[in-house]
Protein chains: 2
Amino acid sequence: MNKTLKFGPEFKEIEVGKIVLLAEDAPLRLDSGAEISSFPLAYQTYGNLNAEKSNAVLICHGLTADQYVIGRHPVTGKPGWWENMVGPKKPIDTEKYFIICPNVLGGCMGSFGPKELNPQTGHPYNLTFPVITIADMVRAQKLLIDHLGIPRLFSIIGASMGGMQALKWADLYPEMVVSAIPIAAAGRHTAQNIAFHEVGRQAIMADPDWCEGNYLDAKKYPAKGLAVARMTAHVTYLSEAKLARKFGRKLQERENVTYGFEADFEIESYLRHQGASFVDRFDPNSYLYITRAMDYFDLGTDHGGVLANAFARSKAAFCVICFTSDWLFPPAESKLLVHALNATAASVSYVEIETDKGHDAFLLDEPDFARTIAGFLKGVGRKEGI
Amino acid sequence: MNKTLKFGPEFKEIEVGKIVLLAEDAPLRLDSGAEISSFPLAYQTYGNLNAEKSNAVLICHGLTADQYVIGRHPVTGKPGWWENMVGPKKPIDTEKYFIICPNVLGGCMGSFGPKELNPQTGHPYNLTFPVITIADMVRAQKLLIDHLGIPRLFSIIGASMGGMQALKWADLYPEMVVSAIPIAAAGRHTAQNIAFHEVGRQAIMADPDWCEGNYLDAKKYPAKGLAVARMTAHVTYLSEAKLARKFGRKLQERENVTYGFEADFEIESYLRHQGASFVDRFDPNSYLYITRAMDYFDLGTDHGGVLANAFARSKAAFCVICFTSDWLFPPAESKLLVHALNATAASVSYVEIETDKGHDAFLLDEPDFARTIAGFLKGVGRKEGI
């Protein structure tokens, strides 16, 4: 199935890749109680599935990424978001593994999300789209994996919100998960993280061009609000040390401050660019829905307040990875995961990567991080005969 | 001089307290090169000046506070922002000291700021108001202190931006400063702090009701943008530990999440309240100007890149105070100040208060903090015969 999507304030039309219709026979029931059926899920695959169907790796993307892990992105024209980790002879080796990356439910890169047309009205769902959860995203992915005829996943790998999905997979479908690598993740979204998400949502909703969510019909676009949301979030993805090292108080192509509100400092110019480029590739309502899904994530509460119970049925090998300077998903949250996994006698490795690059370190060149993933997959592969 | 000010989206008219016209004989030259004359500075005083004029304490307020340190605030009707620190028998004792707190230059509580009327046009200055610096704020305060006939200040006390002012006083007018207490401050604004300020400014400027700064003439008000700016800033004033302890993932007056975008979590409701109440008492353009002044602050660069040189002429006793969980003005920045002060053989005490309350700890009940200030002032007083 092919599909054209509209993006950004200019509503550029772009064709995205593989899309499958799921839940055609029976509807999928969401956590909210809503049911969805015959809904699209967009995905990319890299490498080949072996005859035994035992080399499938599911990559779960974070809040604002998508299925274009590697290769030219059809909307931005830029390389994929995980080029340094995925590819031939890379840690997640496309010559060895069959890699699947779906765009999450609620996303805006072809999967079922708020900007999809409601066939009953002929208009986008907008805020009538059901609020989804991390578990709902995983349920949709499970339908895709079933559709592809894959009985078990050799590994599920994800960072940040992707790590939440990996954890929820181990909870919901323990028999299907051979190994899981939650990176810079947590068993729940903290108050501080909810706070920053709420600021972002309020920035979008404060923009009159958001039109109470109906900007597509109104032919408007809350670009300014979305840019502010992105700028706020982007500060949280970096560490103070990284910001000090990369920008400090350096001025932007000028000798002196201008005594005005132009971007005197490099960090201001950088942030404005981050905000402006984001609006060309991301849907404002999707941003509301996906941040909400993260806020709602609390794996322990799903199990009577005992996080360990989420892993009670799992036989997966876990590799929990975090970054020392990540203050959004700090090592302390990863350690809580490890304690819970230990309490169920799970097989778990814990690796804290020493870096000053903050939460975004998972996207960057971190040799220890790359080696950790390559080594763990090799180890699991030896046991599984891959 | 009495004066009525307009506040908030409803332009409520409120009479503020003492206001003096400064620079009537000669204009004040600002860092930007602009000159201002006959400009108003609003201030409050508490206690009585002694016959020797040796017991004056200048309190410098932070970004969004004002001259109403104690007593009922004329705009909000609430108590002053430092009731637990200032008053009879309190650490900053109104029975012993004559306390002066001016509203900063660029502020909106009666001092010369962007919403003042330009006599030449009959309209508010708005963005034609000159961009000011921390040094400019201090120069205006110096004129006030001269006007009050006070030769030396027994102490200058300020937290956050107020601490920046205390430091700049010691630099610009060393002969007038007997002691200084910079609290939760720094010798320069860091990249991360500039970044968060820039997000706030962009949120205000993104609001179409900002009208390119001319909302007063347009009879509009960028309340939504200002609220988002305040929400972002407010998250940075707290620590993750405090947020976890106070709010965690607690729901707001409900048993379950609502699967919507209402304020399900207490932290969301709290932030929305912070944003909404701020717009009733603060001027959006003032917020732009004052955050900019903080961004520009870099005491070392004012002295050829050597922070210690800023204190070379000072004979003041310093008490540098910070809070362990303050990530906006972290202890590391206060230590840089102490190193610079040590390098000039200054008299300096350094106190790191153990607390999980973050940057806002200076506004809250922290017994060790209160004792530190009381003790330091007593010690300086013994030497000075107060």
# chains A, B, ... in the order shown; residues from 1 in each chain; ligands from 1

call {"tool": "residues_around", "arguments": {"residues": "A:Phe98", "least_positions_apart": "5", "cutoff": "8 Å", "atoms": "only C-alpha atoms", "output": "ChimeraX atom specification"}}
result
/A:45-50,55-57

call {"tool": "interface_residues", "arguments": {"of": "chain A", "to": "chain B", "cutoff": "7 Å", "atoms": "only C-alpha atoms", "output": "PyMOL selection string"}}
result
chain A and resi 32+131+190-192+195+198-199+202-203+206-207+224-225+228+231-232+235+240+243-244+247-249+259-260+267-268

call {"tool": "write_last_selection", "arguments": {"atoms": "C-alpha atoms", "output": "mmCIF file, in the first residue's frame"}}
result
data_model
loop_
_atom_site.group_PDB
_atom_site.id
_atom_site.type_symbol
_atom_site.label_atom_id
_atom_site.label_comp_id
_atom_site.auth_asym_id
_atom_site.auth_seq_id
_atom_site.Cartn_x
_atom_site.Cartn_y
_atom_site.Cartn_z
ATOM 1 C CA SER A 32 -8.719 3.721 26.915
ATOM 2 C CA VAL A 131 -5.528 8.707 23.453
ATOM 3 C CA THR A 190 8.850 10.973 36.294
ATOM 4 C CA ALA A 191 7.133 14.148 37.508
ATOM 5 C CA GLN A 192 9.865 16.314 35.995
ATOM 6 C CA ALA A 195 6.260 18.663 33.588
ATOM 7 C CA GLU A 198 3.102 19.525 29.690
ATOM 8 C CA VAL A 199 5.025 22.728 28.891
ATOM 9 C CA GLN A 202 0.706 23.984 26.382
ATOM 10 C CA ALA A 203 3.016 25.746 23.907
ATOM 11 C CA ALA A 206 -1.442 28.195 23.071
ATOM 12 C CA ASP A 207 -0.812 28.790 19.377
ATOM 13 C CA LYS A 224 5.470 28.636 16.372
ATOM 14 C CA GLY A 225 3.944 26.640 19.197
ATOM 15 C CA VAL A 228 8.733 26.253 21.199
ATOM 16 C CA MET A 231 13.105 23.868 21.809
ATOM 17 C CA THR A 232 12.088 23.121 25.399
ATOM 18 C CA VAL A 235 17.350 21.478 26.064
ATOM 19 C CA GLU A 240 24.873 21.171 30.952
ATOM 20 C CA LEU A 243 26.161 22.625 26.291
ATOM 21 C CA ALA A 244 29.081 24.284 28.058
ATOM 22 C CA PHE A 247 28.387 26.392 23.012
ATOM 23 C CA GLY A 248 29.337 27.946 26.312
ATOM 24 C CA ARG A 249 28.720 31.678 25.974
ATOM 25 C CA TYR A 259 21.818 44.631 23.006
ATOM 26 C CA GLY A 260 18.726 43.215 21.370
ATOM 27 C CA ILE A 267 23.056 28.284 21.720
ATOM 28 C CA GLU A 268 20.102 30.531 20.807
#

call {"tool": "atom_distance", "arguments": {"atom1": "atom CA of B:Ser111", "atom2": "atom CA of B:Asn214"}}
result
19.0 Å

call {"tool": "select_by_dssp", "arguments": {"residues": "stretch 210-333 of chain B", "states": "alpha helix (DSSP H)", "output": "VMD selection string"}}
result
chain B and resid 215 to 218 223 to 237 240 to 246 266 to 278 284 to 296 331 to 333

call {"tool": "residues_around", "arguments": {"residues": "B:Glu333", "least_positions_apart": "2", "cutoff": "10 Å", "atoms": "only C-alpha atoms", "output": "PyMOL selection string"}}
result
chain B and resi 184-190+322+328-331+335-338

call {"tool": "write_last_selection", "arguments": {"atoms": "all heavy atoms", "output": "compact mmCIF listing (two decimals), in the first residue's frame"}}
result
# COMPACT_ATOMS: atom_id res chain seq x y z
N ALA B 184 22.73 31.38 45.63
CA ALA B 184 22.28 30.64 44.44
C ALA B 184 22.53 31.48 43.20
O ALA B 184 21.64 31.66 42.37
CB ALA B 184 20.80 30.26 44.57
N ALA B 185 23.74 31.99 43.10
CA ALA B 185 24.08 32.90 42.00
C ALA B 185 25.26 32.33 41.21
O ALA B 185 25.63 31.16 41.37
CB ALA B 185 24.42 34.27 42.56
N ALA B 186 25.82 33.14 40.34
CA ALA B 186 26.95 32.71 39.51
C ALA B 186 27.61 33.95 38.93
O ALA B 186 27.00 35.02 38.86
CB ALA B 186 26.48 31.80 38.38
N GLY B 187 28.84 33.79 38.50
CA GLY B 187 29.58 34.90 37.90
C GLY B 187 29.23 35.12 36.44
O GLY B 187 29.68 36.08 35.82
N ARG B 188 28.42 34.20 35.91
CA ARG B 188 28.00 34.31 34.50
C ARG B 188 26.79 33.41 34.31
O ARG B 188 26.58 32.47 35.06
CB ARG B 188 29.14 33.83 33.60
CG ARG B 188 29.69 32.49 34.14
CD ARG B 188 29.89 31.43 33.19
NE ARG B 188 30.05 30.16 33.91
CZ ARG B 188 30.99 29.29 33.66
NH1 ARG B 188 31.87 29.53 32.74
NH2 ARG B 188 31.02 28.14 34.31
N HIS B 189 26.02 33.70 33.26
CA HIS B 189 24.87 32.86 32.94
C HIS B 189 25.36 31.74 32.02
O HIS B 189 26.02 32.01 31.02
CB HIS B 189 23.81 33.71 32.24
CG HIS B 189 22.41 33.34 32.61
ND1 HIS B 189 22.02 33.08 33.90
CD2 HIS B 189 21.29 33.17 31.87
CE1 HIS B 189 20.74 32.78 33.93
NE2 HIS B 189 20.27 32.81 32.71
N THR B 190 25.03 30.50 32.34
CA THR B 190 25.53 29.37 31.55
C THR B 190 24.71 29.16 30.28
O THR B 190 23.61 29.69 30.13
CB THR B 190 25.46 28.06 32.37
OG1 THR B 190 24.08 27.79 32.63
CG2 THR B 190 26.24 28.17 33.67
N CYS B 322 24.97 28.48 48.44
CA CYS B 322 24.29 27.76 47.36
C CYS B 322 23.57 26.54 47.92
O CYS B 322 23.70 26.23 49.10
CB CYS B 322 25.28 27.36 46.27
SG CYS B 322 26.59 26.30 46.88
N LEU B 328 20.09 24.89 38.35
CA LEU B 328 20.09 26.09 37.52
C LEU B 328 21.33 26.94 37.85
O LEU B 328 22.02 27.43 36.96
CB LEU B 328 18.82 26.88 37.79
CG LEU B 328 18.33 27.84 36.73
CD1 LEU B 328 18.01 27.12 35.44
CD2 LEU B 328 17.08 28.56 37.22
N PHE B 329 21.58 27.11 39.14
CA PHE B 329 22.78 27.81 39.62
C PHE B 329 23.48 26.84 40.57
O PHE B 329 23.43 27.02 41.78
CB PHE B 329 22.40 29.11 40.32
CG PHE B 329 21.94 30.19 39.38
CD1 PHE B 329 20.64 30.22 38.92
CD2 PHE B 329 22.82 31.17 38.93
CE1 PHE B 329 20.21 31.21 38.03
CE2 PHE B 329 22.41 32.16 38.05
CZ PHE B 329 21.09 32.17 37.60
N PRO B 330 24.14 25.84 40.00
CA PRO B 330 24.66 24.75 40.83
C PRO B 330 25.85 25.18 41.70
O PRO B 330 26.50 26.19 41.41
CB PRO B 330 25.08 23.70 39.81
CG PRO B 330 25.33 24.46 38.55
CD PRO B 330 24.40 25.64 38.59
N PRO B 331 26.12 24.43 42.76
CA PRO B 331 27.26 24.71 43.64
C PRO B 331 28.57 24.93 42.87
O PRO B 331 29.37 25.77 43.27
CB PRO B 331 27.33 23.46 44.52
CG PRO B 331 25.90 23.04 44.64
CD PRO B 331 25.30 23.32 43.28
N LYS B 335 31.30 27.80 43.58
CA LYS B 335 32.70 27.51 43.91
C LYS B 335 33.64 28.32 43.04
O LYS B 335 34.71 28.75 43.49
CB LYS B 335 32.97 26.01 43.75
CG LYS B 335 32.46 25.19 44.92
CD LYS B 335 32.68 23.71 44.71
CE LYS B 335 31.88 22.90 45.72
NZ LYS B 335 31.64 21.52 45.29
N LEU B 336 33.26 28.53 41.77
CA LEU B 336 34.09 29.38 40.90
C LEU B 336 34.21 30.79 41.48
O LEU B 336 35.27 31.41 41.42
CB LEU B 336 33.49 29.44 39.49
CG LEU B 336 33.57 28.17 38.65
CD1 LEU B 336 32.90 28.38 37.29
CD2 LEU B 336 35.02 27.74 38.45
N LEU B 337 33.10 31.27 42.04
CA LEU B 337 33.13 32.59 42.68
C LEU B 337 34.10 32.59 43.86
O LEU B 337 34.90 33.52 44.03
CB LEU B 337 31.74 32.97 43.19
CG LEU B 337 30.68 33.36 42.16
CD1 LEU B 337 29.32 33.55 42.83
CD2 LEU B 337 31.10 34.64 41.45
N VAL B 338 34.01 31.53 44.67
CA VAL B 338 34.86 31.45 45.86
C VAL B 338 36.33 31.38 45.45
O VAL B 338 37.18 32.06 46.05
CB VAL B 338 34.46 30.23 46.71
CG1 VAL B 338 35.46 30.02 47.86
CG2 VAL B 338 33.05 30.42 47.26

call {"tool": "residues_around", "arguments": {"residues": "A:Tyr43", "least_positions_apart": "6", "cutoff": "12 Å", "atoms": "only C-alpha atoms", "output": "PyMOL selection string"}}
result
chain A and resi 1-2+16-21+58-61+66-69+99-105+107-112+140-141+144-145+148

call {"tool": "write_last_selection", "arguments": {"atoms": "N, CA and C atoms", "output": "short mmCIF file (atom, residue, chain, number, x, y, z; two decimals), in the first residue's frame"}}
result
data_model
loop_
_atom_site.label_atom_id
_atom_site.label_comp_id
_atom_site.auth_asym_id
_atom_site.auth_seq_id
_atom_site.Cartn_x
_atom_site.Cartn_y
_atom_site.Cartn_z
N MET A 1 0.85 -1.20 0.00
CA MET A 1 0.00 0.00 0.00
C MET A 1 0.88 1.25 0.00
N ASN A 2 0.59 2.15 -0.90
CA ASN A 2 1.33 3.41 -0.93
C ASN A 2 0.48 4.54 -0.36
N VAL A 16 5.40 7.92 1.57
CA VAL A 16 6.19 7.12 2.51
C VAL A 16 6.20 5.66 2.08
N GLY A 17 7.01 4.85 2.77
CA GLY A 17 7.28 3.48 2.34
C GLY A 17 6.19 2.47 2.66
N LYS A 18 6.61 1.33 3.20
CA LYS A 18 5.68 0.22 3.43
C LYS A 18 4.62 0.56 4.46
N ILE A 19 3.38 0.24 4.09
CA ILE A 19 2.29 0.42 5.04
C ILE A 19 1.39 -0.81 4.97
N VAL A 20 1.01 -1.31 6.14
CA VAL A 20 0.12 -2.46 6.18
C VAL A 20 -1.13 -2.08 6.96
N LEU A 21 -2.27 -2.65 6.54
CA LEU A 21 -3.50 -2.44 7.31
C LEU A 21 -3.62 -3.56 8.33
N LEU A 58 13.48 -6.13 16.42
CA LEU A 58 12.54 -5.01 16.38
C LEU A 58 13.20 -3.78 16.99
N ILE A 59 13.26 -2.73 16.22
CA ILE A 59 13.75 -1.46 16.76
C ILE A 59 12.56 -0.55 17.02
N CYS A 60 12.46 -0.09 18.26
CA CYS A 60 11.36 0.81 18.64
C CYS A 60 11.92 2.22 18.72
N HIS A 61 11.32 3.14 17.99
CA HIS A 61 11.88 4.50 17.97
C HIS A 61 11.36 5.37 19.12
N ASP A 66 11.31 8.02 13.71
CA ASP A 66 10.35 7.24 12.93
C ASP A 66 11.02 5.99 12.39
N GLN A 67 10.36 5.36 11.39
CA GLN A 67 10.83 4.07 10.89
C GLN A 67 12.07 4.15 10.03
N TYR A 68 12.50 5.35 9.67
CA TYR A 68 13.66 5.49 8.79
C TYR A 68 14.96 5.47 9.59
N VAL A 69 15.31 4.28 10.06
CA VAL A 69 16.49 4.07 10.91
C VAL A 69 17.75 4.39 10.13
N ILE A 99 15.84 -6.57 10.37
CA ILE A 99 15.47 -5.48 11.26
C ILE A 99 14.16 -4.86 10.82
N ILE A 100 13.27 -4.71 11.79
CA ILE A 100 11.95 -4.13 11.53
C ILE A 100 11.82 -2.89 12.39
N CYS A 101 11.42 -1.80 11.79
CA CYS A 101 11.13 -0.61 12.60
C CYS A 101 9.81 -0.01 12.15
N PRO A 102 8.77 -0.12 12.98
CA PRO A 102 7.49 0.48 12.64
C PRO A 102 7.40 1.91 13.19
N ASN A 103 6.71 2.74 12.48
CA ASN A 103 6.33 4.04 13.02
C ASN A 103 5.27 3.79 14.08
N VAL A 104 5.42 4.41 15.25
CA VAL A 104 4.49 4.08 16.34
C VAL A 104 3.05 4.47 16.03
N LEU A 105 2.14 3.75 16.65
CA LEU A 105 0.73 4.13 16.65
C LEU A 105 0.64 5.54 17.24
N GLY A 107 1.75 8.06 15.58
CA GLY A 107 2.80 8.80 14.89
C GLY A 107 2.28 9.52 13.65
N CYS A 108 3.21 10.12 12.92
CA CYS A 108 2.78 10.93 11.77
C CYS A 108 3.55 10.58 10.50
N MET A 109 4.19 9.39 10.48
CA MET A 109 4.96 9.04 9.29
C MET A 109 4.30 7.86 8.57
N GLY A 110 2.96 7.86 8.58
CA GLY A 110 2.22 6.84 7.84
C GLY A 110 1.40 5.92 8.72
N SER A 111 1.75 5.84 10.01
CA SER A 111 0.96 5.01 10.92
C SER A 111 -0.30 5.75 11.34
N PHE A 112 -1.21 4.98 11.94
CA PHE A 112 -2.49 5.52 12.35
C PHE A 112 -2.28 6.58 13.44
N ALA A 140 -0.05 -2.84 18.68
CA ALA A 140 -0.08 -2.64 17.24
C ALA A 140 1.15 -3.29 16.59
N GLN A 141 2.30 -3.16 17.25
CA GLN A 141 3.52 -3.79 16.71
C GLN A 141 3.39 -5.31 16.70
N LEU A 144 1.71 -6.38 13.68
CA LEU A 144 2.62 -6.31 12.53
C LEU A 144 3.54 -7.54 12.50
N ILE A 145 4.11 -7.88 13.65
CA ILE A 145 5.02 -9.03 13.73
C ILE A 145 4.27 -10.32 13.35
N LEU A 148 3.85 -10.43 9.68
CA LEU A 148 5.08 -10.82 8.99
C LEU A 148 5.43 -12.29 9.22
#

call {"tool": "select_by_dssp", "arguments": {"residues": "stretch 163-200 of chain B", "states": "strand (DSSP E)", "output": "list in words"}}
result
Ser179, Ala180, Ile181, Pro182 and Ile183 of chain B

call {"tool": "residues_around", "arguments": {"residues": "A:Ala345", "least_positions_apart": "3", "cutoff": "12 Å", "atoms": "only C-alpha atoms", "output": "JSON list (two decimals) with N, CA and C atoms, in the first residue's frame"}}
result
[["chain", "number", "residue", "atom", "x", "y", "z"],
["A", 308, "ALA", "N", 8.67, -5.47, 39.56],
["A", 308, "ALA", "CA", 9.22, -6.79, 39.25],
["A", 308, "ALA", "C", 8.16, -7.71, 38.64],
["A", 309, "ASN", "N", 6.92, -7.54, 39.05],
["A", 309, "ASN", "CA", 5.86, -8.41, 38.52],
["A", 309, "ASN", "C", 5.69, -8.28, 37.01],
["A", 311, "PHE", "N", 7.91, -8.41, 34.95],
["A", 311, "PHE", "CA", 8.88, -9.30, 34.28],
["A", 311, "PHE", "C", 8.76, -10.75, 34.76],
["A", 312, "ALA", "N", 7.74, -11.01, 35.54],
["A", 312, "ALA", "CA", 7.65, -12.33, 36.17],
["A", 312, "ALA", "C", 7.56, -13.45, 35.13],
["A", 313, "ARG", "N", 6.90, -13.19, 34.01],
["A", 313, "ARG", "CA", 6.72, -14.27, 33.02],
["A", 313, "ARG", "C", 7.80, -14.26, 31.95],
["A", 314, "SER", "N", 8.68, -13.29, 32.00],
["A", 314, "SER", "CA", 9.67, -13.13, 30.93],
["A", 314, "SER", "C", 10.85, -14.10, 31.08],
["A", 315, "LYS", "N", 11.31, -14.62, 29.94],
["A", 315, "LYS", "CA", 12.53, -15.44, 29.95],
["A", 315, "LYS", "C", 13.63, -14.75, 29.15],
["A", 316, "ALA", "N", 13.38, -13.49, 28.81],
["A", 316, "ALA", "CA", 14.32, -12.75, 27.96],
["A", 316, "ALA", "C", 15.62, -12.45, 28.69],
["A", 317, "ALA", "N", 16.68, -12.27, 27.90],
["A", 317, "ALA", "CA", 17.92, -11.71, 28.42],
["A", 317, "ALA", "C", 17.83, -10.20, 28.24],
["A", 318, "PHE", "N", 18.12, -9.46, 29.29],
["A", 318, "PHE", "CA", 18.02, -8.00, 29.23],
["A", 318, "PHE", "C", 19.40, -7.36, 29.28],
["A", 338, "VAL", "N", 16.83, -2.59, 36.86],
["A", 338, "VAL", "CA", 17.73, -3.72, 37.13],
["A", 338, "VAL", "C", 17.35, -4.41, 38.44],
["A", 339, "HIS", "N", 17.03, -3.62, 39.46],
["A", 339, "HIS", "CA", 16.60, -4.21, 40.73],
["A", 339, "HIS", "C", 15.36, -5.07, 40.53],
["A", 340, "ALA", "N", 14.42, -4.56, 39.75],
["A", 340, "ALA", "CA", 13.18, -5.30, 39.50],
["A", 340, "ALA", "C", 13.48, -6.58, 38.73],
["A", 341, "LEU", "N", 14.36, -6.49, 37.75],
["A", 341, "LEU", "CA", 14.72, -7.68, 36.97],
["A", 341, "LEU", "C", 15.45, -8.70, 37.86],
["A", 342, "ASN", "N", 16.32, -8.20, 38.71],
["A", 342, "ASN", "CA", 17.02, -9.10, 39.64],
["A", 342, "ASN", "C", 16.03, -9.82, 40.55],
["A", 348, "VAL", "N", 20.19, -10.34, 33.36],
["A", 348, "VAL", "CA", 20.27, -8.91, 33.08],
["A", 348, "VAL", "C", 21.71, -8.38, 33.17],
["A", 349, "SER", "N", 22.11, -7.66, 32.14],
["A", 349, "SER", "CA", 23.35, -6.89, 32.18],
["A", 349, "SER", "C", 22.99, -5.44, 32.39]]

call {"tool": "residues_around", "arguments": {"residues": "stretch 362-378 of chain A", "least_positions_apart": "3", "cutoff": "10 Å", "atoms": "only C-alpha atoms", "output": "number ranges by chain"}}
result
A: 81-86, 89-93, 154-155, 157-160, 179-181, 183-184, 317-319, 321-323, 349-355, 357-359, 381-386

call {"tool": "residues_around", "arguments": {"residues": "stretch 7-13 of chain B", "least_positions_apart": "4", "cutoff": "8 Å", "atoms": "only C-alpha atoms", "output": "ChimeraX atom specification"}}
result
/B:75,220-223,279-283

call {"tool": "write_last_selection", "arguments": {"atoms": "C-alpha atoms", "output": "PDB file, in the first residue's frame"}}
result
ATOM      1  CA  VAL B  75      -1.064  43.520  43.029  1.00  0.00           C
ATOM      2  CA  LYS B 220      -4.176  42.779  23.675  1.00  0.00           C
ATOM      3  CA  TYR B 221      -2.110  40.631  26.001  1.00  0.00           C
ATOM      4  CA  PRO B 222       0.148  37.614  25.269  1.00  0.00           C
ATOM      5  CA  ALA B 223      -1.112  35.761  28.324  1.00  0.00           C
ATOM      6  CA  VAL B 279       0.360  36.685  33.905  1.00  0.00           C
ATOM      7  CA  ASP B 280      -1.699  38.734  36.367  1.00  0.00           C
ATOM      8  CA  ARG B 281       1.374  40.295  37.945  1.00  0.00           C
ATOM      9  CA  PHE B 282       4.152  40.465  35.354  1.00  0.00           C
ATOM     10  CA  ASP B 283       4.694  42.380  32.161  1.00  0.00           C
TER      11      ASP B 283
END

call {"tool": "atom_distance", "arguments": {"atom1": "atom CA of B:Val178", "atom2": "atom CA of B:Ile156"}}
result
8.3 Å

call {"tool": "atom_distance", "arguments": {"atom1": "atom CA of B:Lys142", "atom2": "atom CA of B:Asp302"}}
result
18.9 Å
